[in-house]
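Asks: Just one file: input-v9.txt, with compact mmCIF, C-alpha atoms and all ligand atoms.
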# COMPACT_ATOMS: atom_id res chain seq x y z
CA MET S 1150 19.65 -41.96 25.08
CA ALA S 1151 20.33 -41.88 28.82
CA LYS S 1152 18.35 -41.68 32.06
CA TYR S 1153 18.68 -39.14 34.82
CA VAL S 1154 17.23 -39.21 38.31
CA VAL S 1155 16.12 -35.77 39.48
CA GLN S 1156 18.10 -34.57 42.52
CA LYS S 1157 17.18 -31.92 45.04
CA GLY S 1158 17.71 -28.46 43.60
CA ASP S 1159 17.66 -29.60 39.96
CA THR S 1160 15.96 -27.56 37.31
CA LEU S 1161 15.45 -28.49 33.70
CA GLY S 1162 18.08 -25.92 32.84
CA SER S 1163 20.64 -27.36 35.22
CA ILE S 1164 19.99 -30.89 33.98
CA ALA S 1165 20.32 -29.74 30.37
CA LYS S 1166 23.59 -28.04 31.29
CA LYS S 1167 24.90 -31.28 32.80
CA ALA S 1168 23.68 -33.39 29.89
CA TYR S 1169 24.45 -31.14 26.94
CA GLY S 1170 26.63 -28.38 28.33
CA SER S 1171 23.91 -25.82 27.67
CA ALA S 1172 20.91 -24.93 29.82
CA GLY S 1173 19.13 -23.62 26.72
CA LYS S 1174 18.74 -27.16 25.40
CA TYR S 1175 16.20 -28.10 28.07
CA PRO S 1176 13.36 -28.40 25.47
CA LEU S 1177 15.03 -31.62 24.31
CA ILE S 1178 14.29 -33.06 27.75
CA VAL S 1179 10.79 -31.61 27.88
CA SER S 1180 9.86 -33.14 24.56
CA ALA S 1181 11.19 -36.58 25.56
CA ASN S 1182 9.30 -36.71 28.86
CA SER S 1183 5.78 -36.00 29.96
CA ILE S 1184 6.55 -33.03 32.11
CA THR S 1185 3.41 -31.22 33.18
CA ASN S 1186 4.99 -28.53 35.31
CA PRO S 1187 8.59 -27.79 34.34
CA ASP S 1188 8.99 -25.51 37.37
CA ARG S 1189 8.32 -28.33 39.83
CA LEU S 1190 10.49 -31.29 39.10
CA LYS S 1191 9.92 -34.03 41.64
CA VAL S 1192 13.02 -35.42 43.28
CA GLY S 1193 13.48 -39.05 42.27
CA THR S 1194 11.69 -38.70 38.93
CA VAL S 1195 13.48 -40.62 36.20
CA LEU S 1196 13.90 -38.50 33.13
CA VAL S 1197 14.82 -39.69 29.68
CA ILE S 1198 17.75 -37.67 28.38
CA PRO S 1199 17.59 -37.94 24.60
CA ASP S 1200 20.68 -37.79 22.43
CA GLN S 1201 21.30 -34.46 20.82
CA PRO S 1202 20.01 -34.33 17.28
CA ALA S 1203 22.67 -34.47 14.58
CA ASN S 1204 22.12 -30.80 13.80
CA GLY S 1205 23.55 -29.92 17.19
CA GLY S 1206 20.24 -29.11 18.77
CA ALA S 1207 19.28 -26.29 16.48
CA PRO S 1208 15.58 -25.61 16.78
CA PRO S 1209 13.54 -27.42 14.16
CA ALA S 1210 12.55 -25.42 11.09
CA PRO S 1211 9.49 -23.30 11.81
CA PRO S 1212 6.27 -24.60 10.33
CA PRO S 1213 5.19 -22.94 7.09
CA PRO S 1214 3.10 -19.81 7.67
CA PRO S 1215 -0.65 -20.38 7.59
CA PRO S 1216 -2.28 -19.37 4.31
CA SER S 1217 -3.13 -15.69 4.44
CA PRO S 1218 -6.80 -14.68 4.55
CA SER S 1219 -6.38 -13.20 1.09
CA ALA S 1220 -5.32 -16.54 -0.39
CA GLY S 1221 -8.85 -17.57 -1.46
CA ILE S 1222 -9.58 -14.20 -3.04
CA ASN S 1223 -6.28 -14.26 -4.89
CA VAL S 1224 -6.93 -17.73 -6.26
CA ARG S 1225 -10.39 -16.72 -7.44
CA ARG S 1226 -9.28 -13.47 -9.06
CA LEU S 1227 -6.19 -14.92 -10.72
CA GLY S 1228 -8.36 -17.78 -11.94
CA GLN S 1229 -10.19 -15.33 -14.25
CA LEU S 1230 -6.99 -14.57 -16.12
CA HIS S 1231 -4.95 -16.05 -18.93
CA PRO S 1232 -3.40 -19.23 -17.46
CA VAL S 1233 0.20 -18.06 -18.00
CA LEU S 1234 -0.48 -14.79 -16.19
CA ALA S 1235 -2.38 -16.62 -13.43
CA ALA S 1236 0.53 -19.02 -12.87
CA ARG S 1237 3.06 -16.20 -12.83
CA GLY S 1238 0.88 -14.18 -10.50
CA ARG S 1239 0.73 -17.12 -8.09
CA ALA S 1240 4.51 -17.53 -8.29
CA MET S 1241 4.98 -13.83 -7.58
CA ILE S 1242 2.70 -14.02 -4.53
CA ASP S 1243 4.54 -17.13 -3.30
CA LEU S 1244 7.91 -15.43 -3.69
CA CYS S 1245 6.67 -12.48 -1.66
CA SER S 1246 5.13 -14.64 1.04
CA HIS S 1247 8.52 -16.32 1.54
CA GLU S 1248 9.82 -12.85 2.34
CA GLY S 1249 6.96 -12.30 4.76
CA ILE S 1250 5.08 -9.96 2.44
CA SER S 1251 1.38 -10.51 1.87
CA ILE S 1252 -0.32 -9.44 -1.28
CA LEU S 1253 -3.97 -9.06 -2.13
CA VAL S 1254 -5.05 -9.16 -5.77
CA THR S 1255 -7.50 -6.26 -5.86
CA GLN S 1256 -8.60 -6.59 -9.46
CA ALA S 1257 -7.98 -8.90 -12.34
CA LEU S 1258 -10.44 -9.27 -15.19
CA ARG S 1259 -12.39 -6.03 -15.66
CA THR S 1260 -15.30 -5.60 -18.04
CA TRP S 1261 -15.42 -2.77 -20.58
CA GLU S 1262 -18.21 -1.10 -18.58
CA GLU S 1263 -16.19 -1.27 -15.38
CA GLN S 1264 -13.22 0.16 -17.26
CA ASP S 1265 -15.35 3.06 -18.57
CA GLY S 1266 -16.49 3.69 -14.99
CA LEU S 1267 -12.89 3.89 -13.82
CA TYR S 1268 -11.96 6.18 -16.70
CA ALA S 1269 -14.72 8.57 -15.64
CA LYS S 1270 -13.17 8.95 -12.18
CA GLY S 1271 -11.68 12.41 -11.86
CA ARG S 1272 -12.79 13.35 -15.38
CA THR S 1273 -16.58 13.41 -15.62
CA GLY S 1274 -17.66 11.82 -12.34
CA ASP S 1275 -17.44 13.73 -9.06
CA PRO S 1276 -15.00 14.62 -7.65
CA ILE S 1277 -13.33 16.01 -10.76
CA GLY S 1278 -9.62 16.65 -10.62
CA LYS S 1279 -6.31 15.26 -11.78
CA LYS S 1280 -5.57 13.66 -8.43
CA TYR S 1281 -8.72 11.55 -8.69
CA ILE S 1282 -7.76 10.09 -12.06
CA VAL S 1283 -6.96 6.41 -11.68
CA THR S 1284 -6.44 5.27 -15.24
CA ASN S 1285 -5.69 6.56 -18.71
CA ALA S 1286 -7.47 3.62 -20.28
CA LYS S 1287 -11.03 3.69 -21.60
CA GLY S 1288 -13.06 0.50 -21.99
CA GLY S 1289 -11.23 -1.85 -24.32
CA SER S 1290 -7.93 -0.07 -23.95
CA SER S 1291 -6.67 -1.84 -20.85
CA TYR S 1292 -5.21 -5.31 -20.73
CA HIS S 1293 -7.47 -5.88 -17.72
CA ASN S 1294 -10.39 -6.05 -20.16
CA PHE S 1295 -8.81 -9.07 -21.80
CA GLY S 1296 -7.69 -11.04 -18.74
CA LEU S 1297 -4.06 -10.07 -19.26
CA ALA S 1298 -3.48 -7.88 -16.18
CA PHE S 1299 -4.03 -7.73 -12.46
CA ASP S 1300 -3.61 -5.16 -9.71
CA ILE S 1301 -2.37 -5.72 -6.20
CA VAL S 1302 -2.08 -4.06 -2.84
CA ILE S 1303 0.40 -4.87 -0.09
CA LEU S 1304 -1.16 -6.01 3.18
CA ASP S 1305 0.29 -4.95 6.50
CA ALA S 1306 0.86 -7.23 9.49
CA ILE S 1307 -2.82 -7.23 10.44
CA GLY S 1308 -4.01 -7.79 6.89
CA LYS S 1309 -5.00 -4.20 6.11
CA ALA S 1310 -4.29 -2.71 2.69
CA ASP S 1311 -1.18 -0.54 2.80
CA TRP S 1312 -1.38 1.96 -0.06
CA ASP S 1313 1.80 3.72 1.00
CA THR S 1314 3.94 2.74 -1.96
CA ALA S 1315 7.07 3.73 -0.02
CA HIS S 1316 6.45 0.55 2.02
CA PRO S 1317 9.28 -1.86 1.11
CA GLY S 1318 6.71 -4.53 0.26
CA TRP S 1319 5.86 -2.64 -2.92
CA LYS S 1320 9.43 -2.78 -4.14
CA ALA S 1321 9.66 -6.48 -3.27
CA ALA S 1322 6.43 -7.19 -5.16
CA ALA S 1323 7.71 -5.35 -8.22
CA GLU S 1324 10.95 -7.30 -8.15
CA ALA S 1325 9.16 -10.62 -7.65
CA GLY S 1326 6.72 -9.88 -10.48
CA LYS S 1327 9.46 -8.93 -12.90
CA SER S 1328 11.55 -11.94 -11.89
CA VAL S 1329 8.76 -14.24 -13.07
CA GLY S 1330 8.44 -12.38 -16.37
CA LEU S 1331 5.61 -9.95 -15.72
CA GLU S 1332 5.53 -6.38 -16.96
CA TRP S 1333 5.15 -3.90 -14.09
CA GLY S 1334 3.15 -0.69 -14.45
CA GLY S 1335 5.62 1.10 -12.20
CA ASP S 1336 8.14 0.98 -15.03
CA TRP S 1337 5.93 2.96 -17.38
CA LYS S 1338 7.08 6.41 -18.31
CA SER S 1339 3.82 8.27 -18.88
CA PHE S 1340 1.56 6.95 -16.13
CA LYS S 1341 3.21 5.01 -13.36
CA ASP S 1342 0.78 2.34 -12.20
CA LEU S 1343 2.51 0.70 -9.26
CA PRO S 1344 -0.18 -1.87 -8.40
CA HIS S 1345 -0.40 -3.12 -11.99
CA PHE S 1346 1.16 -6.24 -13.50
CA GLN S 1347 0.49 -7.65 -16.94
CA TYR S 1348 1.51 -10.35 -19.39
CA THR S 1349 0.84 -9.66 -23.05
CA ALA S 1350 3.44 -11.65 -25.02
CA GLY S 1351 3.50 -8.73 -27.46
CA ILE S 1352 -0.17 -8.67 -28.44
CA THR S 1353 -1.38 -5.09 -28.92
CA LEU S 1354 -4.60 -3.67 -27.53
CA ALA S 1355 -5.82 -3.08 -31.09
CA GLU S 1356 -5.35 -6.78 -31.81
CA CYS S 1357 -7.14 -7.63 -28.56
CA ARG S 1358 -10.12 -5.46 -29.51
CA GLU S 1359 -10.29 -7.07 -32.93
CA LEU S 1360 -10.18 -10.61 -31.56
CA TYR S 1361 -12.53 -9.84 -28.66
CA ALA S 1362 -15.64 -10.43 -30.80
CA GLY S 1363 -14.67 -14.09 -30.88
CA GLY S 1364 -14.33 -14.25 -27.10
CA LEU S 1365 -11.47 -14.06 -24.66
CA GLN S 1366 -10.19 -17.46 -25.69
CA GLN S 1367 -9.40 -16.11 -29.17
CA ILE S 1368 -7.12 -13.56 -27.58
CA TRP S 1369 -5.62 -15.99 -25.12
CA ASP S 1370 -4.78 -18.45 -27.88
CA ARG S 1371 -2.56 -15.76 -29.39
CA VAL S 1372 -0.81 -15.05 -26.09
CA LYS S 1373 1.63 -17.85 -25.45
ZN ZN L 1 -4.08 -2.47 -13.52
What would you get if you wrote out this structure as structure tokens?
Replies:
Amino acid sequence: MAKYVVQKGDTLGSIAKKAYGSAGKYPLIVSANSITNPDRLKVGTVLVIPDQPANGGAPPAPPPPPPSPSAGINVRRLGQLHPVLAARGRAMIDLCSHEGISILVTQALRTWEEQDGLYAKGRTGDPIGKKYIVTNAKGGSSYHNFGLAFDIVILDAIGKADWDTAHPGWKAAAEAGKSVGLEWGGDWKSFKDLPHFQYTAGITLAECRELYAGGLQQIWDRVK
């Protein structure tokens, strides 16, 4: 720690250059002094010149990013799921957020009726057509109906859903999901379902339907 008396013609940059050999280190001086207007240093002002930090003056680590606006929704939706899937889903979202990718969980637990409604899309409900089909699963034949699956969308920089699956965020999400032990619908052969992730621990849908009469917990107890 040293002192420096401001001379005529000094700038923070020139003082930093004298003190540290680099004008770019002037923020060290700013943060050690109460400088209200860095452009108008008063001659005769005594400045504290702090020692350089041990890391050589590298800027401090940036603060963690603020929680994304989707965080609350994600917590709520994942909270409806089997605890192992919920924990892995949170880990997957965390991994992605470290890479600067935001994810919104669009759907998690889905009732049989909701599933039947989805199945009707493109088949019996208007508009009819192959391109409107969103699922091959009728009520009771999707792991969503048993709290064992969730769907996501990648959010762009302003928090809007980005359904363009060529966006690199989709690939990153798939990799993150698989790295925490989730099965990804994009790996399926017959119907690629890129937003879909599930955790079944080998339980079949037939077994799920059978156990469902006893409640979701019956199914979840089997899925370890
Ligand atoms: Zn899904």
Asks: Dump the neighbourhood of ligand ZN 1 (chain L) as a PyMOL selection string: all residues within 8 Å, distances computed on only C-alpha atoms and all ligand atoms.
Replies: chain S and resi 1256-1257+1291-1293+1298-1300+1334+1342+1344-1347
Asks: Can those selected residues be exported to a file as a PDB file, keeping the file's coordinate frame so that it contains C-alpha atoms?
Replies:
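Written output follows (again-v6.pdb):
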ATOM      1  CA  GLN S1256      -8.600  -6.590  -9.460  1.00  0.00           C
ATOM      2  CA  ALA S1257      -7.980  -8.900 -12.340  1.00  0.00           C
ATOM      3  CA  SER S1291      -6.670  -1.840 -20.850  1.00  0.00           C
ATOM      4  CA  TYR S1292      -5.210  -5.310 -20.730  1.00  0.00           C
ATOM      5  CA  HIS S1293      -7.470  -5.880 -17.720  1.00  0.00           C
ATOM      6  CA  ALA S1298      -3.480  -7.880 -16.180  1.00  0.00           C
ATOM      7  CA  PHE S1299      -4.030  -7.730 -12.460  1.00  0.00           C
ATOM      8  CA  ASP S1300      -3.610  -5.160  -9.710  1.00  0.00           C
ATOM      9  CA  GLY S1334       3.150  -0.690 -14.450  1.00  0.00           C
ATOM     10  CA  ASP S1342       0.780   2.340 -12.200  1.00  0.00           C
ATOM     11  CA  PRO S1344      -0.180  -1.870  -8.400  1.00  0.00           C
ATOM     12  CA  HIS S1345      -0.400  -3.120 -11.990  1.00  0.00           C
ATOM     13  CA  PHE S1346       1.160  -6.240 -13.500  1.00  0.00           C
ATOM     14  CA  GLN S1347       0.490  -7.650 -16.940  1.00  0.00           C
TER      15      GLN S1347
END
Asks: Counting only C-alpha atoms, which of S:Arg1239, S:Arg1189, S:Lys1270, S:Lys1279 gets nearest to S:Gly1326?
Replies: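 Ranking S:Arg1239, S:Arg1189, S:Lys1270, S:Lys1279 by distance to S:Gly1326, first place goes to S:Arg1239.
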Asks: Give the answer as one residue: which of S:Leu1354, S:Leu1343, S:Leu1365, S:Val1179 has the shortest atom-to-atom distance to S:Ser1290, using all atoms listed in the file?
Replies: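 Going through S:Leu1354, S:Leu1343, S:Leu1365, S:Val1179 one by one, the smallest distance to S:Ser1290 is for S:Leu1354.
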Asks: Could you give me, as a ChimeraX atom specification, the residues that sit within 6 Å of (17.0, -37.3, 39.5) in the file's coordinates, counting all atoms listed in the file?
Replies: /S:1153-1156,1192-1195
Asks: Please measure the separation of atom CA of S:Asn1223 and atom CA of S:Ile1242, giving the value in Å to one decimal.
Replies: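 We find that atom CA of S:Asn1223 and atom CA of S:Ile1242 lie 9.0 Å from each other.
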Asks: Taking only C-alpha atoms into account, name the residue in S:Ala1322, S:Ile1178, S:Val1254, S:Leu1190 that is nearest to S:Asp1159.
Replies: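 Among the listed residues, S:Leu1190 lies closest to S:Asp1159.
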Asks: For S:Gly1308, which of S:Glu1359, S:Ala1325, S:Thr1255, S:Ser1219 is the closest residue, counting only C-alpha atoms?
Replies: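 Counting only C-alpha atoms, the residue closest to S:Gly1308 is S:Ser1219.
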Asks: Please work out which residues fall within 12 Å of (-4.6, -15.9, -25.3), coordinates as given in the file, with all atoms listed in the file counting, and return them as a ChimeraX atom specification.
Replies: /S:1230-1234,1292,1295-1297,1348-1353,1356-1357,1360-1361,1363-1373
Asks: Would you work out the distance separating atom CA of S:His1247 from atom CA of S:Leu1177, expressed in Å to one decimal?
Replies: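 Taking atom CA of S:His1247 as the start and atom CA of S:Leu1177 as the end point, the length is 28.2 Å.
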Asks: Calculated over all atoms listed in the file, which of the candidates S:Val1329, S:Ile1282, S:Ala1355, S:Ile1252 has the smallest distance to S:Ala1269?
Replies: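 Using all atoms listed in the file, the shortest distance to S:Ala1269 belongs to S:Ile1282.
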Asks: Quick check, in Å to one decimal: how far apart do atom CA of S:Pro1317 and atom CA of S:Tyr1281 lie?
Replies: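 So the answer is 24.5 Å.
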Asks: Please determine, counting all atoms listed in the file, which residue among S:Arg1358, S:Lys1338, S:Lys1309, S:Lys1287 has the shortest atom-to-atom distance to S:Asp1265.
Replies: S:Lys1287
Asks: Let me have the centre and edge lengths of the axis-aligned box enclosing all listed atoms of stretch 1317-1323 of chain S with 6 Å padding on every side, in Å to one decimal, as JSON.
Replies:
{"center_x": 7.8, "center_y": -4.5, "center_z": -3.6, "size_x": 15.8, "size_y": 17.3, "size_z": 21.3}
